[in-house]
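The file entry-v4.txt contains compact mmCIF, N, CA and C atoms:
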# COMPACT_ATOMS: atom_id res chain seq x y z
N MET A 101 -50.50 -4.60 -11.67
CA MET A 101 -49.23 -4.95 -11.07
C MET A 101 -48.10 -4.63 -12.07
N GLU A 102 -47.04 -4.00 -11.55
CA GLU A 102 -45.94 -3.57 -12.40
C GLU A 102 -45.03 -4.76 -12.75
N GLU A 103 -44.67 -4.83 -14.02
CA GLU A 103 -43.77 -5.91 -14.47
C GLU A 103 -42.34 -5.57 -14.09
N HIS A 104 -41.60 -6.57 -13.63
CA HIS A 104 -40.18 -6.38 -13.34
C HIS A 104 -39.40 -6.78 -14.57
N LYS A 105 -38.68 -5.82 -15.11
CA LYS A 105 -37.87 -6.19 -16.27
C LYS A 105 -36.46 -6.53 -15.81
N LYS A 106 -35.83 -7.41 -16.54
CA LYS A 106 -34.49 -7.86 -16.21
C LYS A 106 -33.49 -6.75 -16.53
N ILE A 107 -32.66 -6.43 -15.56
CA ILE A 107 -31.64 -5.41 -15.76
C ILE A 107 -30.32 -6.10 -16.03
N ASN A 108 -29.72 -5.81 -17.14
CA ASN A 108 -28.43 -6.39 -17.50
C ASN A 108 -27.31 -5.61 -16.83
N PHE A 109 -26.26 -6.30 -16.47
CA PHE A 109 -25.10 -5.63 -15.88
C PHE A 109 -23.83 -6.34 -16.33
N LYS A 110 -22.73 -5.64 -16.16
CA LYS A 110 -21.42 -6.18 -16.53
C LYS A 110 -20.46 -5.91 -15.39
N ILE A 111 -19.71 -6.91 -15.00
CA ILE A 111 -18.71 -6.72 -13.94
C ILE A 111 -17.53 -5.98 -14.54
N GLU A 112 -17.22 -4.82 -13.97
CA GLU A 112 -16.13 -3.97 -14.45
C GLU A 112 -14.90 -4.03 -13.55
N ASN A 113 -15.11 -4.24 -12.26
CA ASN A 113 -14.01 -4.14 -11.33
C ASN A 113 -14.29 -5.00 -10.10
N ILE A 114 -13.35 -5.87 -9.80
CA ILE A 114 -13.44 -6.67 -8.58
C ILE A 114 -12.31 -6.22 -7.67
N VAL A 115 -12.60 -6.07 -6.40
CA VAL A 115 -11.59 -5.74 -5.41
C VAL A 115 -11.42 -6.97 -4.52
N ALA A 116 -10.19 -7.44 -4.41
CA ALA A 116 -9.92 -8.63 -3.60
C ALA A 116 -8.74 -8.36 -2.68
N SER A 117 -8.73 -9.03 -1.55
CA SER A 117 -7.60 -8.90 -0.63
C SER A 117 -7.01 -10.28 -0.38
N ALA A 118 -5.72 -10.28 -0.04
CA ALA A 118 -5.04 -11.54 0.26
C ALA A 118 -3.98 -11.26 1.32
N ASN A 119 -3.58 -12.31 2.00
CA ASN A 119 -2.52 -12.20 2.99
C ASN A 119 -1.45 -13.22 2.65
N LEU A 120 -0.27 -12.74 2.30
CA LEU A 120 0.83 -13.64 1.94
C LEU A 120 1.50 -14.24 3.17
N ALA A 121 1.16 -13.73 4.35
CA ALA A 121 1.69 -14.24 5.62
C ALA A 121 3.21 -14.15 5.70
N VAL A 122 3.77 -13.10 5.12
CA VAL A 122 5.21 -12.85 5.20
C VAL A 122 5.41 -11.34 5.33
N GLU A 123 6.62 -10.94 5.66
CA GLU A 123 6.94 -9.52 5.67
C GLU A 123 7.57 -9.16 4.33
N LEU A 124 7.09 -8.08 3.73
CA LEU A 124 7.60 -7.65 2.43
C LEU A 124 8.58 -6.51 2.59
N ASP A 125 9.64 -6.53 1.79
CA ASP A 125 10.61 -5.43 1.71
C ASP A 125 10.14 -4.50 0.60
N LEU A 126 9.36 -3.49 0.95
CA LEU A 126 8.77 -2.62 -0.06
C LEU A 126 9.82 -1.80 -0.80
N TYR A 127 10.90 -1.41 -0.10
CA TYR A 127 11.98 -0.69 -0.79
C TYR A 127 12.63 -1.60 -1.83
N GLY A 128 12.87 -2.85 -1.47
CA GLY A 128 13.46 -3.82 -2.40
C GLY A 128 12.55 -4.06 -3.59
N ILE A 129 11.25 -4.19 -3.34
CA ILE A 129 10.29 -4.40 -4.42
C ILE A 129 10.32 -3.21 -5.37
N ALA A 130 10.33 -1.99 -4.82
CA ALA A 130 10.36 -0.79 -5.66
C ALA A 130 11.63 -0.72 -6.51
N ARG A 131 12.75 -1.19 -5.95
CA ARG A 131 14.02 -1.19 -6.68
C ARG A 131 14.08 -2.27 -7.76
N GLU A 132 13.59 -3.46 -7.45
CA GLU A 132 13.78 -4.63 -8.30
C GLU A 132 12.68 -4.89 -9.32
N VAL A 133 11.48 -4.41 -9.07
CA VAL A 133 10.34 -4.75 -9.93
C VAL A 133 9.90 -3.54 -10.73
N ASP A 134 9.68 -3.74 -12.04
CA ASP A 134 9.19 -2.65 -12.89
C ASP A 134 7.74 -2.31 -12.56
N ASN A 135 7.36 -1.10 -12.87
CA ASN A 135 5.98 -0.62 -12.70
C ASN A 135 5.52 -0.64 -11.25
N VAL A 136 6.42 -0.30 -10.32
CA VAL A 136 6.08 -0.20 -8.90
C VAL A 136 6.35 1.21 -8.43
N GLU A 137 5.37 1.79 -7.76
CA GLU A 137 5.53 3.11 -7.14
C GLU A 137 5.52 2.91 -5.63
N TYR A 138 6.49 3.51 -4.95
CA TYR A 138 6.51 3.45 -3.49
C TYR A 138 7.01 4.76 -2.94
N GLU A 139 6.12 5.49 -2.32
CA GLU A 139 6.45 6.75 -1.66
C GLU A 139 5.87 6.69 -0.25
N PRO A 140 6.65 6.15 0.69
CA PRO A 140 6.12 5.94 2.04
C PRO A 140 5.66 7.21 2.75
N GLU A 141 6.16 8.38 2.33
CA GLU A 141 5.71 9.63 2.93
C GLU A 141 4.27 9.95 2.51
N GLN A 142 3.88 9.44 1.35
CA GLN A 142 2.54 9.70 0.82
C GLN A 142 1.54 8.60 1.16
N PHE A 143 2.00 7.34 1.09
CA PHE A 143 1.11 6.19 1.28
C PHE A 143 1.95 5.01 1.77
N PRO A 144 1.47 4.24 2.75
CA PRO A 144 2.29 3.18 3.34
C PRO A 144 2.48 1.93 2.49
N GLY A 145 1.82 1.84 1.35
CA GLY A 145 1.94 0.65 0.51
C GLY A 145 2.61 0.95 -0.81
N ALA A 146 3.17 -0.09 -1.42
CA ALA A 146 3.73 0.00 -2.77
C ALA A 146 2.61 -0.33 -3.76
N ILE A 147 2.61 0.35 -4.89
CA ILE A 147 1.58 0.13 -5.91
C ILE A 147 2.22 -0.56 -7.10
N LEU A 148 1.77 -1.76 -7.40
CA LEU A 148 2.26 -2.55 -8.52
C LEU A 148 1.19 -2.55 -9.60
N LYS A 149 1.53 -2.09 -10.79
CA LYS A 149 0.57 -2.08 -11.90
C LYS A 149 0.97 -3.14 -12.92
N LEU A 150 0.05 -4.09 -13.13
CA LEU A 150 0.28 -5.15 -14.10
C LEU A 150 -0.46 -4.82 -15.39
N LYS A 151 0.17 -5.19 -16.51
CA LYS A 151 -0.48 -4.97 -17.81
C LYS A 151 -1.40 -6.13 -18.18
N GLU A 152 -1.02 -7.35 -17.76
CA GLU A 152 -1.83 -8.53 -18.08
C GLU A 152 -1.86 -9.46 -16.89
N PRO A 153 -2.95 -9.69 -16.23
CA PRO A 153 -4.22 -9.00 -16.43
C PRO A 153 -4.10 -7.55 -15.96
N LYS A 154 -4.86 -6.67 -16.58
CA LYS A 154 -4.76 -5.24 -16.27
C LYS A 154 -5.34 -5.00 -14.88
N THR A 155 -4.44 -4.94 -13.90
CA THR A 155 -4.82 -4.78 -12.50
C THR A 155 -3.79 -3.93 -11.78
N SER A 156 -4.17 -3.43 -10.63
CA SER A 156 -3.25 -2.74 -9.73
C SER A 156 -3.30 -3.47 -8.40
N LEU A 157 -2.14 -3.61 -7.78
CA LEU A 157 -2.06 -4.27 -6.48
C LEU A 157 -1.40 -3.34 -5.49
N LEU A 158 -2.01 -3.21 -4.33
CA LEU A 158 -1.41 -2.47 -3.23
C LEU A 158 -0.72 -3.49 -2.35
N LEU A 159 0.57 -3.32 -2.14
CA LEU A 159 1.36 -4.26 -1.35
C LEU A 159 1.77 -3.59 -0.05
N PHE A 160 1.57 -4.26 1.07
CA PHE A 160 1.90 -3.69 2.37
C PHE A 160 2.98 -4.52 3.06
N LYS A 161 3.74 -3.85 3.92
CA LYS A 161 4.88 -4.48 4.59
C LYS A 161 4.48 -5.75 5.34
N ASN A 162 3.28 -5.79 5.90
CA ASN A 162 2.85 -6.94 6.69
C ASN A 162 2.42 -8.13 5.83
N GLY A 163 2.60 -8.03 4.50
CA GLY A 163 2.29 -9.14 3.61
C GLY A 163 0.88 -9.15 3.07
N LYS A 164 0.09 -8.17 3.48
CA LYS A 164 -1.28 -8.10 2.96
C LYS A 164 -1.26 -7.33 1.65
N LEU A 165 -2.21 -7.67 0.78
CA LEU A 165 -2.30 -6.97 -0.49
C LEU A 165 -3.75 -6.80 -0.89
N ILE A 166 -3.98 -5.81 -1.74
CA ILE A 166 -5.30 -5.56 -2.29
C ILE A 166 -5.14 -5.52 -3.80
N CYS A 167 -5.99 -6.25 -4.49
CA CYS A 167 -5.97 -6.32 -5.95
C CYS A 167 -7.22 -5.64 -6.48
N THR A 168 -7.05 -4.69 -7.39
CA THR A 168 -8.20 -4.00 -7.98
C THR A 168 -8.10 -4.05 -9.50
N GLY A 169 -9.25 -3.93 -10.15
CA GLY A 169 -9.28 -3.84 -11.60
C GLY A 169 -9.58 -5.14 -12.32
N ALA A 170 -9.54 -6.26 -11.62
CA ALA A 170 -9.85 -7.54 -12.27
C ALA A 170 -11.33 -7.60 -12.60
N LYS A 171 -11.65 -8.38 -13.66
CA LYS A 171 -13.05 -8.51 -14.07
C LYS A 171 -13.62 -9.90 -13.79
N SER A 172 -12.78 -10.77 -13.20
CA SER A 172 -13.25 -12.11 -12.85
C SER A 172 -12.36 -12.67 -11.74
N GLU A 173 -12.84 -13.74 -11.09
CA GLU A 173 -12.02 -14.39 -10.06
C GLU A 173 -10.74 -14.95 -10.66
N GLY A 174 -10.83 -15.44 -11.89
CA GLY A 174 -9.64 -15.97 -12.57
C GLY A 174 -8.58 -14.90 -12.75
N GLU A 175 -9.00 -13.68 -13.11
CA GLU A 175 -8.05 -12.57 -13.26
C GLU A 175 -7.45 -12.19 -11.92
N VAL A 176 -8.24 -12.25 -10.86
CA VAL A 176 -7.71 -11.94 -9.51
C VAL A 176 -6.62 -12.94 -9.17
N GLU A 177 -6.91 -14.22 -9.35
CA GLU A 177 -5.92 -15.26 -9.03
C GLU A 177 -4.67 -15.12 -9.89
N ALA A 178 -4.85 -14.85 -11.18
CA ALA A 178 -3.70 -14.68 -12.07
C ALA A 178 -2.86 -13.48 -11.65
N ALA A 179 -3.52 -12.38 -11.28
CA ALA A 179 -2.79 -11.17 -10.88
C ALA A 179 -2.00 -11.40 -9.60
N ILE A 180 -2.63 -12.05 -8.61
CA ILE A 180 -1.94 -12.28 -7.34
C ILE A 180 -0.77 -13.25 -7.53
N ASN A 181 -0.96 -14.30 -8.33
CA ASN A 181 0.14 -15.23 -8.59
C ASN A 181 1.28 -14.57 -9.36
N LYS A 182 0.94 -13.73 -10.33
CA LYS A 182 1.97 -13.03 -11.10
C LYS A 182 2.73 -12.05 -10.19
N ALA A 183 1.99 -11.33 -9.35
CA ALA A 183 2.64 -10.39 -8.41
C ALA A 183 3.58 -11.15 -7.49
N TYR A 184 3.14 -12.30 -6.99
CA TYR A 184 3.99 -13.09 -6.11
C TYR A 184 5.28 -13.50 -6.82
N GLU A 185 5.16 -13.93 -8.07
CA GLU A 185 6.37 -14.32 -8.83
C GLU A 185 7.33 -13.13 -8.99
N LEU A 186 6.77 -11.92 -9.16
CA LEU A 186 7.61 -10.73 -9.32
C LEU A 186 8.29 -10.30 -8.02
N ILE A 187 7.63 -10.50 -6.89
CA ILE A 187 8.16 -9.98 -5.62
C ILE A 187 8.79 -11.05 -4.73
N LYS A 188 8.78 -12.31 -5.15
CA LYS A 188 9.21 -13.40 -4.27
C LYS A 188 10.66 -13.28 -3.80
N ASN A 189 11.49 -12.56 -4.52
CA ASN A 189 12.88 -12.37 -4.10
C ASN A 189 13.01 -11.31 -3.02
N CYS A 190 11.92 -10.63 -2.70
CA CYS A 190 11.94 -9.58 -1.68
C CYS A 190 11.22 -10.00 -0.41
N ILE A 191 11.05 -11.32 -0.23
CA ILE A 191 10.49 -11.86 1.00
C ILE A 191 11.39 -12.97 1.50
N ASN A 192 11.28 -13.27 2.79
CA ASN A 192 12.17 -14.25 3.39
C ASN A 192 11.64 -15.67 3.40
N GLU A 193 10.34 -15.85 3.39
CA GLU A 193 9.78 -17.20 3.43
C GLU A 193 8.70 -17.33 2.37
N PRO A 194 8.45 -18.54 1.88
CA PRO A 194 7.46 -18.70 0.80
C PRO A 194 6.05 -18.38 1.26
N ALA A 195 5.27 -17.86 0.33
CA ALA A 195 3.87 -17.55 0.62
C ALA A 195 3.01 -18.76 0.32
N PRO A 196 1.87 -18.88 0.98
CA PRO A 196 0.97 -19.99 0.68
C PRO A 196 0.32 -19.80 -0.68
N GLU A 197 -0.20 -20.90 -1.25
CA GLU A 197 -0.89 -20.81 -2.54
C GLU A 197 -2.15 -19.97 -2.37
N VAL A 198 -2.53 -19.28 -3.44
CA VAL A 198 -3.74 -18.48 -3.40
C VAL A 198 -4.93 -19.42 -3.51
N LYS A 199 -5.82 -19.34 -2.55
CA LYS A 199 -7.01 -20.20 -2.55
C LYS A 199 -8.24 -19.33 -2.40
N HIS A 200 -9.30 -19.71 -3.05
CA HIS A 200 -10.57 -19.01 -2.94
C HIS A 200 -11.34 -19.59 -1.77
N GLU A 201 -11.88 -18.73 -0.93
CA GLU A 201 -12.69 -19.21 0.19
C GLU A 201 -14.15 -19.26 -0.27
N ASP A 202 -14.68 -20.48 -0.34
CA ASP A 202 -16.06 -20.63 -0.81
C ASP A 202 -17.07 -20.03 0.15
N LYS A 203 -16.81 -20.18 1.43
CA LYS A 203 -17.73 -19.64 2.41
C LYS A 203 -17.09 -18.46 3.11
N ALA A 204 -17.80 -17.36 3.14
CA ALA A 204 -17.29 -16.18 3.83
C ALA A 204 -17.31 -16.44 5.33
N LYS A 205 -16.27 -16.01 6.00
CA LYS A 205 -16.22 -16.14 7.45
C LYS A 205 -17.04 -15.01 8.05
N PRO A 206 -17.79 -15.30 9.10
CA PRO A 206 -18.57 -14.23 9.70
C PRO A 206 -17.66 -13.19 10.34
N ALA A 207 -18.02 -11.95 10.17
CA ALA A 207 -17.23 -10.86 10.74
C ALA A 207 -17.42 -10.83 12.25
N LYS A 208 -16.34 -10.56 12.94
CA LYS A 208 -16.43 -10.41 14.39
C LYS A 208 -16.70 -8.94 14.68
N VAL A 209 -17.78 -8.69 15.35
CA VAL A 209 -18.15 -7.32 15.67
C VAL A 209 -17.93 -7.08 17.14
N LYS A 210 -17.14 -6.09 17.44
CA LYS A 210 -16.93 -5.73 18.85
C LYS A 210 -17.83 -4.55 19.15
N HIS A 211 -18.62 -4.71 20.17
CA HIS A 211 -19.51 -3.64 20.57
C HIS A 211 -18.83 -2.78 21.63
N ALA A 212 -19.07 -1.50 21.55
CA ALA A 212 -18.51 -0.59 22.54
C ALA A 212 -19.17 -0.86 23.89
N LYS A 213 -18.39 -0.78 24.96
CA LYS A 213 -18.94 -0.98 26.29
C LYS A 213 -19.75 0.25 26.68
N LYS A 214 -20.75 0.02 27.51
CA LYS A 214 -21.55 1.14 27.97
C LYS A 214 -20.69 2.04 28.85
N ALA A 215 -20.91 3.34 28.70
CA ALA A 215 -20.16 4.30 29.50
C ALA A 215 -20.61 4.20 30.96
N LYS A 216 -19.66 4.23 31.86
CA LYS A 216 -19.98 4.18 33.28
C LYS A 216 -20.18 5.59 33.79
N LYS A 217 -21.07 5.72 34.76
CA LYS A 217 -21.25 7.02 35.39
C LYS A 217 -20.10 7.23 36.35
N VAL A 218 -19.55 8.41 36.31
CA VAL A 218 -18.43 8.73 37.18
C VAL A 218 -18.92 9.75 38.21
N LYS A 219 -18.66 9.46 39.47
CA LYS A 219 -19.05 10.40 40.52
C LYS A 219 -18.09 11.57 40.52
N LYS A 220 -18.65 12.75 40.68
CA LYS A 220 -17.80 13.95 40.75
C LYS A 220 -17.25 14.04 42.16
N THR A 221 -15.95 14.11 42.26
CA THR A 221 -15.34 14.21 43.59
C THR A 221 -14.84 15.63 43.84
N ALA A 222 -14.51 16.33 42.82
CA ALA A 222 -14.01 17.69 43.00
C ALA A 222 -15.10 18.66 42.62
N LYS A 223 -15.16 19.77 43.34
CA LYS A 223 -16.15 20.79 43.02
C LYS A 223 -15.62 21.63 41.88
N PRO A 224 -16.51 22.08 41.00
CA PRO A 224 -16.04 22.92 39.91
C PRO A 224 -15.46 24.23 40.44
N ALA A 225 -14.47 24.74 39.74
CA ALA A 225 -13.83 25.99 40.15
C ALA A 225 -14.84 27.13 40.05
N LYS A 226 -14.76 28.06 41.05
CA LYS A 226 -15.67 29.21 41.03
C LYS A 226 -15.18 30.23 40.03
N LYS A 227 -16.12 30.89 39.40
CA LYS A 227 -15.76 31.94 38.46
C LYS A 227 -15.32 33.17 39.23
N ALA A 228 -14.33 33.84 38.71
CA ALA A 228 -13.86 35.08 39.35
C ALA A 228 -14.91 36.15 39.18
N LYS A 229 -15.12 36.93 40.25
CA LYS A 229 -16.11 38.02 40.16
C LYS A 229 -15.51 39.18 39.38
N LYS A 230 -16.35 39.78 38.57
CA LYS A 230 -15.90 40.95 37.81
C LYS A 230 -15.91 42.16 38.73
N LYS A 231 -14.89 42.98 38.60
CA LYS A 231 -14.82 44.22 39.39
C LYS A 231 -15.67 45.27 38.70
N LYS A 232 -16.36 46.03 39.52
CA LYS A 232 -17.16 47.11 38.97
C LYS A 232 -16.27 48.28 38.64
N ARG A 233 -16.47 48.87 37.50
CA ARG A 233 -15.70 50.05 37.12
C ARG A 233 -16.43 51.28 37.63
N ARG A 234 -15.66 52.25 38.07
CA ARG A 234 -16.29 53.49 38.55
C ARG A 234 -16.11 54.59 37.58

Please rewrite the model in this file as structure tokens.
Amino acid sequence: MEEHKKINFKIENIVASANLAVELDLYGIAREVDNVEYEPEQFPGAILKLKEPKTSLLLFKNGKLICTGAKSEGEVEAAINKAYELIKNCINEPAPEVKHEDKAKPAKVKHAKKAKKVKKTAKPAKKAKKKKRR
């Protein structure tokens, strides 16, 4: 019987998403906050790069964001809270506190409906006859 050896690993990158439940002014964020790139012709979100914790956040107009580059849940929370402090003047209402969800919510899966058979009511067009060349 083959022995299973323990494989060591290191967490390098966590990707997390959050919803601030507000509308963001991405143009205002790009103007007012350092280290923000926003080119709506290229990508619909603004990119905020933080030095500490070293993370990047994608900010979307609908208030949703994606945080990448964190190495722990603590870094994710710190990055999202820091981003909120930087952008809070570019939103109209306060965002809720960042909370970790201990239990994942089950995903809702929508199944495609079965295709219905459609009765043909029109006859297919006849092909034109080729003329014989003499």

- Item | Best match for closeness to Asn162 (chain A) among A:Ile180, A:Ile107, A:Ile114, A:Ala121, counting only N, CA and C atoms |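 The shortest atom-to-atom distance to Asn162 (chain A) comes from A:Ala121.
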
- Message: Just to confirm, what's the straight-line distance from atom C of Ala170 (chain A) to atom C of Val133 (chain A) in Å (one decimal)?
- Response: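 If I compute the distance from atom C of Ala170 (chain A) to atom C of Val133 (chain A), I get 21.7 Å.
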
- Gap from CA of Asp125 (chain A) to atom N of Ser156 (chain A) - Å, one decimal: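 If I compute the distance from CA of Asp125 (chain A) to atom N of Ser156 (chain A), I get 19.4 Å.
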
- Atom pair CA of Glu123 (chain A) / CA of Leu165 (chain A): separation (Å):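 CA of Glu123 (chain A) sits 11.4 Å away from CA of Leu165 (chain A).
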
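The list of residues with at least one atom within 5 Å of Ala146 (chain A), based on only N, CA and C atoms and without residues fewer than 6 positions apart in the same chain, reads A:Glu137, A:Tyr138, A:Leu158, A:Leu159.
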
- Message: Considering all atoms listed in the file, can you say which of A:Ser172, A:Gln142, A:Asn135, A:Thr155 comes closest to Ile111 (chain A)?
- Response: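 The closest residue to Ile111 (chain A) is A:Ser172.
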
Kindly list the centre and edge lengths in Å, rounded to one decimal, for the axis-aligned box that covers all listed atoms of region 101-109 of chain A plus 5 Å on each of its six sides, as AutoDock Vina command-line options.
--center_x -37.2 --center_y -5.7 --center_z -14.3 --size_x 36.7 --size_y 14.3 --size_z 16.4
